[in-house]
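Student: This is work-v5.cif (mmCIF, C-alpha atoms).
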data_query
loop_
_atom_site.group_PDB
_atom_site.id
_atom_site.type_symbol
_atom_site.label_atom_id
_atom_site.label_comp_id
_atom_site.auth_asym_id
_atom_site.auth_seq_id
_atom_site.Cartn_x
_atom_site.Cartn_y
_atom_site.Cartn_z
ATOM 1 C CA MET Z 1 93.726 121.357 95.662
ATOM 2 C CA ALA Z 2 96.929 122.813 97.077
ATOM 3 C CA GLU Z 3 99.642 123.420 94.520
ATOM 4 C CA GLY Z 4 102.118 121.125 96.204
ATOM 5 C CA SER Z 5 99.673 118.273 96.837
ATOM 6 C CA PRO Z 6 99.435 115.093 94.721
ATOM 7 C CA ARG Z 7 97.669 115.625 91.437
ATOM 8 C CA GLN Z 8 94.451 114.045 90.343
ATOM 9 C CA ALA Z 9 94.953 111.109 87.989
ATOM 10 C CA ARG Z 10 93.678 112.759 84.837
ATOM 11 C CA GLN Z 11 95.181 113.917 81.591
ATOM 12 C CA PRO Z 12 95.405 117.672 80.943
ATOM 13 C CA ARG Z 13 92.708 119.032 78.690
ATOM 14 C CA GLN Z 14 93.932 119.293 75.109
ATOM 15 C CA PRO Z 15 93.254 122.677 73.475
ATOM 16 C CA ARG Z 16 91.317 122.453 70.219
ATOM 17 C CA GLN Z 17 90.753 126.045 69.164
ATOM 18 C CA ALA Z 18 93.551 128.339 68.002
ATOM 19 C CA ARG Z 19 92.854 130.746 70.865
ATOM 20 C CA SER Z 20 93.144 127.944 73.422
ATOM 21 C CA ARG Z 21 96.343 126.630 71.859
ATOM 22 C CA ALA Z 22 97.849 130.112 71.978
ATOM 23 C CA ARG Z 23 96.897 130.413 75.649
ATOM 24 C CA VAL Z 24 98.521 127.069 76.465
ATOM 25 C CA GLU Z 25 101.699 128.161 74.693
ATOM 26 C CA ALA Z 26 101.681 131.391 76.708
ATOM 27 C CA ILE Z 27 101.222 129.400 79.938
ATOM 28 C CA LEU Z 28 104.081 127.024 79.153
ATOM 29 C CA GLY Z 29 106.307 129.849 77.972
ATOM 30 C CA ALA Z 30 105.692 131.685 81.234
ATOM 31 C CA ALA Z 31 106.413 128.540 83.244
ATOM 32 C CA ASP Z 32 109.683 128.059 81.350
ATOM 33 C CA ARG Z 33 110.812 131.626 82.104
ATOM 34 C CA ILE Z 34 109.891 131.374 85.795
ATOM 35 C CA LEU Z 35 111.710 128.078 86.227
ATOM 36 C CA SER Z 36 114.870 129.309 84.550
ATOM 37 C CA GLN Z 37 114.988 132.728 86.227
ATOM 38 C CA GLU Z 38 113.388 132.197 89.645
ATOM 39 C CA GLY Z 39 113.438 128.452 90.318
ATOM 40 C CA TYR Z 40 110.890 125.750 91.041
ATOM 41 C CA GLU Z 41 109.629 127.193 94.326
ATOM 42 C CA ALA Z 42 108.607 130.422 92.592
ATOM 43 C CA LEU Z 43 106.478 128.494 90.118
ATOM 44 C CA THR Z 44 102.878 128.905 91.324
ATOM 45 C CA MET Z 45 99.640 129.078 89.386
ATOM 46 C CA ARG Z 46 99.239 132.726 90.379
ATOM 47 C CA ARG Z 47 102.792 133.547 89.292
ATOM 48 C CA ILE Z 48 102.195 131.785 85.964
ATOM 49 C CA ALA Z 49 99.043 133.868 85.513
ATOM 50 C CA GLU Z 50 100.963 137.085 86.170
ATOM 51 C CA GLU Z 51 103.730 136.157 83.758
ATOM 52 C CA SER Z 52 101.477 134.848 80.969
ATOM 53 C CA GLY Z 53 98.637 137.354 81.268
ATOM 54 C CA ALA Z 54 96.112 134.502 81.494
ATOM 55 C CA PRO Z 55 93.496 134.469 84.286
ATOM 56 C CA VAL Z 56 94.241 131.926 86.997
ATOM 57 C CA GLY Z 57 90.919 130.214 86.364
ATOM 58 C CA SER Z 58 91.749 129.645 82.706
ATOM 59 C CA ILE Z 59 95.029 127.953 83.652
ATOM 60 C CA TYR Z 60 93.136 125.502 85.855
ATOM 61 C CA GLN Z 61 90.979 124.636 82.832
ATOM 62 C CA PHE Z 62 94.038 123.017 81.307
ATOM 63 C CA TYR Z 63 96.192 121.994 84.298
ATOM 64 C CA ALA Z 64 95.129 120.717 87.710
ATOM 65 C CA ASP Z 65 98.135 122.255 89.484
ATOM 66 C CA LYS Z 66 101.699 123.375 88.913
ATOM 67 C CA GLY Z 67 102.879 119.768 88.780
ATOM 68 C CA ALA Z 68 100.710 119.235 85.712
ATOM 69 C CA VAL Z 69 102.230 122.357 84.153
ATOM 70 C CA VAL Z 70 105.713 121.001 84.850
ATOM 71 C CA ASP Z 71 104.849 117.645 83.279
ATOM 72 C CA ALA Z 72 103.468 119.382 80.186
ATOM 73 C CA LEU Z 73 106.599 121.482 79.911
ATOM 74 C CA GLY Z 74 108.695 118.338 80.133
ATOM 75 C CA ARG Z 75 106.687 116.645 77.386
ATOM 76 C CA ARG Z 76 107.119 119.703 75.176
ATOM 77 C CA CYS Z 77 110.892 119.505 75.650
ATOM 78 C CA LEU Z 78 110.866 115.826 74.739
ATOM 79 C CA ASP Z 79 108.863 116.509 71.580
ATOM 80 C CA ARG Z 80 111.475 119.031 70.486
ATOM 81 C CA TYR Z 81 114.253 116.535 71.161
ATOM 82 C CA ARG Z 82 112.408 113.907 69.125
ATOM 83 C CA THR Z 83 111.982 116.290 66.189
ATOM 84 C CA ALA Z 84 115.664 117.262 66.301
ATOM 85 C CA ILE Z 85 116.984 113.699 66.340
ATOM 86 C CA ASP Z 86 114.626 112.618 63.554
ATOM 87 C CA ASP Z 87 115.893 115.509 61.426
ATOM 88 C CA LEU Z 88 119.512 114.496 62.051
ATOM 89 C CA VAL Z 89 118.755 110.898 61.059
ATOM 90 C CA GLU Z 90 117.115 112.091 57.824
ATOM 91 C CA ARG Z 91 120.129 114.267 57.028
ATOM 92 C CA ALA Z 92 122.464 111.324 57.597
ATOM 93 C CA VAL Z 93 120.414 109.101 55.289
ATOM 94 C CA ALA Z 94 120.467 111.839 52.627
ATOM 95 C CA GLY Z 95 124.267 112.149 52.921
ATOM 96 C CA GLU Z 96 124.016 115.735 54.218
ATOM 97 C CA LEU Z 97 125.561 115.170 57.669
ATOM 98 C CA THR Z 98 129.221 115.815 56.931
ATOM 99 C CA ASP Z 99 130.153 116.990 60.432
ATOM 100 C CA LEU Z 100 128.383 114.648 62.835
ATOM 101 C CA VAL Z 101 129.842 115.935 66.104
ATOM 102 C CA GLY Z 102 129.737 119.651 65.264
ATOM 103 C CA THR Z 103 126.169 119.485 63.992
ATOM 104 C CA MET Z 104 124.938 117.377 66.890
ATOM 105 C CA VAL Z 105 126.483 119.637 69.536
ATOM 106 C CA ASP Z 106 125.192 122.809 67.842
ATOM 107 C CA VAL Z 107 121.657 121.418 67.555
ATOM 108 C CA TYR Z 108 121.448 120.355 71.189
ATOM 109 C CA ALA Z 109 123.205 123.457 72.496
ATOM 110 C CA GLU Z 110 120.493 125.489 70.767
ATOM 111 C CA LEU Z 111 117.792 123.297 72.338
ATOM 112 C CA PHE Z 112 119.309 123.905 75.759
ATOM 113 C CA ARG Z 113 119.537 127.648 75.083
ATOM 114 C CA SER Z 114 115.986 127.999 73.770
ATOM 115 C CA GLN Z 115 114.216 126.200 76.636
ATOM 116 C CA PRO Z 116 116.154 126.961 79.831
ATOM 117 C CA GLY Z 117 113.213 126.156 82.100
ATOM 118 C CA GLY Z 118 112.982 122.670 80.682
ATOM 119 C CA MET Z 119 116.687 122.154 81.159
ATOM 120 C CA ALA Z 120 116.345 123.333 84.768
ATOM 121 C CA LEU Z 121 113.807 120.545 85.257
ATOM 122 C CA TRP Z 122 116.166 117.840 84.016
ATOM 123 C CA ALA Z 123 119.026 119.076 86.169
ATOM 124 C CA GLY Z 124 117.062 120.044 89.265
ATOM 125 C CA ARG Z 125 116.275 118.087 92.393
ATOM 126 C CA HIS Z 126 112.530 118.691 92.046
ATOM 127 C CA LEU Z 127 111.950 116.159 89.281
ATOM 128 C CA SER Z 128 108.660 114.354 89.503
ATOM 129 C CA PRO Z 129 108.674 110.567 88.924
ATOM 130 C CA GLU Z 130 106.976 111.218 85.576
ATOM 131 C CA LEU Z 131 109.678 113.632 84.478
ATOM 132 C CA ALA Z 132 112.438 111.369 85.745
ATOM 133 C CA ARG Z 133 111.083 108.608 83.511
ATOM 134 C CA ALA Z 134 110.670 111.090 80.663
ATOM 135 C CA ASP Z 135 114.293 112.173 81.041
ATOM 136 C CA GLU Z 136 115.460 108.562 80.825
ATOM 137 C CA ALA Z 137 113.245 108.077 77.774
ATOM 138 C CA SER Z 138 114.693 111.185 76.140
ATOM 139 C CA ASN Z 139 118.269 110.009 76.666
ATOM 140 C CA ALA Z 140 117.360 106.605 75.226
ATOM 141 C CA LEU Z 141 115.657 108.291 72.263
ATOM 142 C CA ILE Z 142 118.690 110.450 71.482
ATOM 143 C CA ALA Z 143 121.146 107.570 71.929
ATOM 144 C CA ASP Z 144 119.120 105.354 69.606
ATOM 145 C CA GLY Z 145 118.930 108.106 66.999
ATOM 146 C CA LEU Z 146 122.682 108.611 67.242
ATOM 147 C CA ARG Z 147 123.187 104.862 66.856
ATOM 148 C CA ARG Z 148 121.153 104.917 63.634
ATOM 149 C CA ILE Z 149 123.193 107.863 62.358
ATOM 150 C CA VAL Z 150 126.506 106.120 63.108
ATOM 151 C CA GLU Z 151 125.288 102.952 61.376
ATOM 152 C CA GLN Z 152 124.360 105.040 58.343
ATOM 153 C CA LEU Z 153 127.705 106.858 58.239
ATOM 154 C CA THR Z 154 129.916 103.810 58.823
ATOM 155 C CA GLY Z 155 127.852 101.046 57.260
ATOM 156 C CA VAL Z 156 128.478 99.016 60.419
ATOM 157 C CA ALA Z 157 125.816 97.740 62.812
ATOM 158 C CA ASP Z 158 127.244 96.590 66.127
ATOM 159 C CA ASP Z 159 124.742 95.503 68.752
ATOM 160 C CA GLU Z 160 127.325 95.535 71.542
ATOM 161 C CA VAL Z 161 129.630 98.524 70.986
ATOM 162 C CA LEU Z 162 127.280 101.073 69.427
ATOM 163 C CA PRO Z 163 124.508 101.171 72.063
ATOM 164 C CA ARG Z 164 127.077 101.591 74.833
ATOM 165 C CA ALA Z 165 129.083 104.204 72.907
ATOM 166 C CA THR Z 166 126.085 106.339 71.968
ATOM 167 C CA ARG Z 167 124.816 106.312 75.552
ATOM 168 C CA MET Z 168 128.262 107.521 76.666
ATOM 169 C CA VAL Z 169 128.135 110.384 74.158
ATOM 170 C CA VAL Z 170 124.667 111.447 75.327
ATOM 171 C CA TRP Z 171 125.668 111.350 78.999
ATOM 172 C CA ALA Z 172 128.854 113.335 78.366
ATOM 173 C CA ALA Z 173 127.167 115.971 76.189
ATOM 174 C CA ASN Z 174 124.279 116.329 78.653
ATOM 175 C CA ALA Z 175 126.645 116.857 81.577
ATOM 176 C CA VAL Z 176 128.604 119.602 79.828
ATOM 177 C CA LEU Z 177 125.599 121.385 78.322
ATOM 178 C CA HIS Z 178 123.710 121.309 81.623
ATOM 179 C CA GLU Z 179 126.731 122.844 83.323
ATOM 180 C CA VAL Z 180 127.255 125.659 80.834
ATOM 181 C CA HIS Z 181 123.528 126.517 80.626
ATOM 182 C CA LYS Z 182 122.597 126.236 84.292
ATOM 183 C CA GLY Z 183 120.915 129.284 85.766
ATOM 184 C CA GLY Z 184 119.761 130.351 82.305
ATOM 185 C CA GLY Z 185 123.253 131.475 81.403
ATOM 186 C CA THR Z 186 124.710 131.694 77.911
ATOM 187 C CA ALA Z 187 127.140 128.985 76.933
ATOM 188 C CA ASP Z 188 130.755 130.006 76.505
ATOM 189 C CA PRO Z 189 131.636 129.265 72.838
ATOM 190 C CA GLY Z 190 135.088 128.099 73.896
ATOM 191 C CA THR Z 191 133.597 125.494 76.233
ATOM 192 C CA VAL Z 192 131.284 124.239 73.495
ATOM 193 C CA ASP Z 193 134.298 123.987 71.157
ATOM 194 C CA GLU Z 194 136.143 121.924 73.776
ATOM 195 C CA LEU Z 195 133.126 119.594 73.974
ATOM 196 C CA LYS Z 196 133.306 119.159 70.201
ATOM 197 C CA ARG Z 197 137.021 118.342 70.380
ATOM 198 C CA MET Z 198 136.415 115.787 73.099
ATOM 199 C CA LEU Z 199 133.574 114.105 71.217
ATOM 200 C CA ASN Z 200 135.443 114.227 67.899
ATOM 201 C CA ALA Z 201 138.313 112.311 69.491
ATOM 202 C CA TYR Z 202 135.845 109.722 70.769
ATOM 203 C CA TRP Z 203 134.161 109.571 67.345
ATOM 204 C CA GLU Z 204 137.477 108.887 65.606
ATOM 205 C CA ASP Z 205 138.266 106.161 68.136
ATOM 206 C CA LEU Z 206 134.821 104.630 67.686
ATOM 207 C CA ARG Z 207 135.154 104.579 63.904
ATOM 208 C CA SER Z 208 138.522 102.836 64.148
ATOM 209 C CA ARG Z 209 137.060 100.222 66.507
ATOM 210 C CA LEU Z 210 134.121 99.607 64.190
ATOM 211 C CA ARG Z 211 136.514 99.103 61.262
ATOM 212 C CA ALA Z 212 138.703 96.661 63.178
ATOM 213 C CA PRO Z 213 138.275 92.924 62.453
#
Kindly transcribe the structure held in the file into structure tokens.

Tutor:
Amino acid sequence: MAEGSPRQARQPRQPRQARSRARVEAILGAADRILSQEGYEALTMRRIAEESGAPVGSIYQFYADKGAVVDALGRRCLDRYRTAIDDLVERAVAGELTDLVGTMVDVYAELFRSQPGGMALWAGRHLSPELARADEASNALIADGLRRIVEQLTGVADDEVLPRATRMVVWAANAVLHEVHKGGGTADPGTVDELKRMLNAYWEDLRSRLRAP
């Protein structure tokens, strides 16, 4: 099958042995580096093999083509987002989240920094339909987690204001963090601080609206 052709409708093989899991991690790590440094067009099975040190044939044991690699990389990004938001919710419930905006921005800025290839997928024009849906699901996941955190911190549940407000925060933070991390670059700390100031102002406004009769 050509690398740019439609993929077969089958799920990637799941590695069971430690050696296979390590190889899959090496494959996905290589794909992430290639995407962030060289772009989508440079991502080929042969290039992944060169970067990861895995034989081409072994890559095909797990992924039918580069599209399957891209989808797997996207799912890995989403899993990390899910873990991060669940941790923030737990910290809010435990009363440990004293700086909501600062902590949230720092956590997601680090996620952007640590997986630049995945971020290139979300921002790029080569998104597959699967990844486009996954991106929407990730935004919804983060917004819902933020809604739960705000409810915990304010003691107010608002089915109209909160869902809209948390979606706005996710969209705004995504736009800024995509911009400052595009091309695999390092975020300017001053820009990240400005994002925190902007979101803190919105957070104060939201709290006042939730307290209003």

Student: If we count only C-alpha atoms and set the cut-off at 12 Å, which residues sit around Leu100 in chain Z, ignoring sequence neighbours fewer than 3 positions away in its own chain? Please answer as a list in words.

Tutor: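 Selected residues are Ile85, Leu88, Val89, Arg91, Ala92, Gly95, Glu96, Leu97, Thr103, Met104, Val105, Asp106, Val107, Leu146, Arg147, Ile149, Val150, Gln152, Leu153, Thr154, Lys196, Leu199, Asn200, Tyr202, Trp203 and Glu204 of chain Z.
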
Student: Got time to write the residues from that selection, C-alpha atoms, as a short mmCIF file (atom, residue, chain, number, x, y, z; two decimals), in the frame of the given file?

Tutor:
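Contents of again-v5.cif, freshly written:
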data_model
loop_
_atom_site.label_atom_id
_atom_site.label_comp_id
_atom_site.auth_asym_id
_atom_site.auth_seq_id
_atom_site.Cartn_x
_atom_site.Cartn_y
_atom_site.Cartn_z
CA ILE Z 85 116.98 113.70 66.34
CA LEU Z 88 119.51 114.50 62.05
CA VAL Z 89 118.76 110.90 61.06
CA ARG Z 91 120.13 114.27 57.03
CA ALA Z 92 122.46 111.32 57.60
CA GLY Z 95 124.27 112.15 52.92
CA GLU Z 96 124.02 115.74 54.22
CA LEU Z 97 125.56 115.17 57.67
CA THR Z 103 126.17 119.48 63.99
CA MET Z 104 124.94 117.38 66.89
CA VAL Z 105 126.48 119.64 69.54
CA ASP Z 106 125.19 122.81 67.84
CA VAL Z 107 121.66 121.42 67.56
CA LEU Z 146 122.68 108.61 67.24
CA ARG Z 147 123.19 104.86 66.86
CA ILE Z 149 123.19 107.86 62.36
CA VAL Z 150 126.51 106.12 63.11
CA GLN Z 152 124.36 105.04 58.34
CA LEU Z 153 127.70 106.86 58.24
CA THR Z 154 129.92 103.81 58.82
CA LYS Z 196 133.31 119.16 70.20
CA LEU Z 199 133.57 114.10 71.22
CA ASN Z 200 135.44 114.23 67.90
CA TYR Z 202 135.84 109.72 70.77
CA TRP Z 203 134.16 109.57 67.34
CA GLU Z 204 137.48 108.89 65.61
#

Student: Could you give me, as a ChimeraX atom specification, the residues within 10 Å of Leu206 in chain Z, counting only C-alpha atoms and dropping anything in the same chain fewer than 6 positions from it?

Tutor: /Z:150,161-162,165-166,200,212

Student: For the structure shown, which residues end up in the PyMOL selection byres ((chain Z and resi 32-38) around 6)? Put them as a list in words, please?

Tutor: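 Expected selection for the PyMOL selection byres ((chain Z and resi 32-38) around 6) here is Gly29, Ala30, Ala31, Gly39, Tyr40, Ala42, Pro116, Gly117 and Gly184 of chain Z.
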
Student: Once you have the residues from the selection above, write them out as a JSON list (two decimals), keeping the file's coordinate frame, restricted to C-alpha atoms.

Tutor:
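And here is the file that came out, part_3.json:
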[["chain", "number", "residue", "atom", "x", "y", "z"],
["Z", 29, "GLY", "CA", 106.31, 129.85, 77.97],
["Z", 30, "ALA", "CA", 105.69, 131.68, 81.23],
["Z", 31, "ALA", "CA", 106.41, 128.54, 83.24],
["Z", 39, "GLY", "CA", 113.44, 128.45, 90.32],
["Z", 40, "TYR", "CA", 110.89, 125.75, 91.04],
["Z", 42, "ALA", "CA", 108.61, 130.42, 92.59],
["Z", 116, "PRO", "CA", 116.15, 126.96, 79.83],
["Z", 117, "GLY", "CA", 113.21, 126.16, 82.10],
["Z", 184, "GLY", "CA", 119.76, 130.35, 82.30]]

Student: Evaluated on this file, the PyMOL selection byres ((chain Z and resi 139) around 12) picks out some residues - which ones are they, written as a compact mmCIF listing (two decimals) with C-alpha atoms, in the frame of the given file?

Tutor:
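selection29.txt, freshly written:
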# COMPACT_ATOMS: atom_id res chain seq x y z
CA LEU Z 78 110.87 115.83 74.74
CA TYR Z 81 114.25 116.54 71.16
CA ARG Z 82 112.41 113.91 69.12
CA ILE Z 85 116.98 113.70 66.34
CA TRP Z 122 116.17 117.84 84.02
CA ALA Z 132 112.44 111.37 85.74
CA ARG Z 133 111.08 108.61 83.51
CA ALA Z 134 110.67 111.09 80.66
CA ASP Z 135 114.29 112.17 81.04
CA GLU Z 136 115.46 108.56 80.82
CA ALA Z 137 113.24 108.08 77.77
CA SER Z 138 114.69 111.18 76.14
CA ALA Z 140 117.36 106.60 75.23
CA LEU Z 141 115.66 108.29 72.26
CA ILE Z 142 118.69 110.45 71.48
CA ALA Z 143 121.15 107.57 71.93
CA ASP Z 144 119.12 105.35 69.61
CA GLY Z 145 118.93 108.11 67.00
CA LEU Z 146 122.68 108.61 67.24
CA PRO Z 163 124.51 101.17 72.06
CA THR Z 166 126.08 106.34 71.97
CA ARG Z 167 124.82 106.31 75.55
CA MET Z 168 128.26 107.52 76.67
CA VAL Z 169 128.14 110.38 74.16
CA VAL Z 170 124.67 111.45 75.33
CA TRP Z 171 125.67 111.35 79.00
CA ALA Z 172 128.85 113.34 78.37
CA ALA Z 173 127.17 115.97 76.19
CA ASN Z 174 124.28 116.33 78.65
CA ALA Z 175 126.64 116.86 81.58

Student: Just to confirm, what's the straight-line distance from CA of Gly155 in chain Z to CA of Ala94 in chain Z in Å (one decimal)?

Tutor: 13.9 Å

Student: Calculate how many Å separate CA of Ile27 in chain Z from CA of Leu177 in chain Z, rounding to one decimal.

Tutor: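 These two atoms are separated by 25.7 Å.
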
Student: Quick check, in Å to one decimal: how far apart do CA of Leu73 in chain Z and CA of Leu28 in chain Z lie?

Tutor: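 Distance between the two atoms: 6.1 Å.
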
Student: Excluding Ala49 in chain Z and residues on its chain fewer than 2 positions from it, collect all residues at most 12 Å away from it, counting all atoms listed in the file, and give them as a PDB file with C-alpha atoms, in the coordinates of the input.

Tutor:
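So the final result, stored in selection33.pdb, reads:
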ATOM      1  CA  ARG Z  23      96.897 130.413  75.649  1.00  0.00           C
ATOM      2  CA  VAL Z  24      98.521 127.069  76.465  1.00  0.00           C
ATOM      3  CA  ALA Z  26     101.681 131.391  76.708  1.00  0.00           C
ATOM      4  CA  ILE Z  27     101.222 129.400  79.938  1.00  0.00           C
ATOM      5  CA  LEU Z  28     104.081 127.024  79.153  1.00  0.00           C
ATOM      6  CA  GLY Z  29     106.307 129.849  77.972  1.00  0.00           C
ATOM      7  CA  ALA Z  30     105.692 131.685  81.234  1.00  0.00           C
ATOM      8  CA  ALA Z  31     106.413 128.540  83.244  1.00  0.00           C
ATOM      9  CA  ILE Z  34     109.891 131.374  85.795  1.00  0.00           C
ATOM     10  CA  LEU Z  43     106.478 128.494  90.118  1.00  0.00           C
ATOM     11  CA  THR Z  44     102.878 128.905  91.324  1.00  0.00           C
ATOM     12  CA  MET Z  45      99.640 129.078  89.386  1.00  0.00           C
ATOM     13  CA  ARG Z  46      99.239 132.726  90.379  1.00  0.00           C
ATOM     14  CA  ARG Z  47     102.792 133.547  89.292  1.00  0.00           C
ATOM     15  CA  GLU Z  51     103.730 136.157  83.758  1.00  0.00           C
ATOM     16  CA  SER Z  52     101.477 134.848  80.969  1.00  0.00           C
ATOM     17  CA  GLY Z  53      98.637 137.354  81.268  1.00  0.00           C
ATOM     18  CA  ALA Z  54      96.112 134.502  81.494  1.00  0.00           C
ATOM     19  CA  PRO Z  55      93.496 134.469  84.286  1.00  0.00           C
ATOM     20  CA  VAL Z  56      94.241 131.926  86.997  1.00  0.00           C
ATOM     21  CA  GLY Z  57      90.919 130.214  86.364  1.00  0.00           C
ATOM     22  CA  SER Z  58      91.749 129.645  82.706  1.00  0.00           C
ATOM     23  CA  ILE Z  59      95.029 127.953  83.652  1.00  0.00           C
ATOM     24  CA  TYR Z  60      93.136 125.502  85.855  1.00  0.00           C
ATOM     25  CA  LYS Z  66     101.699 123.375  88.913  1.00  0.00           C
TER      26      LYS Z  66
END
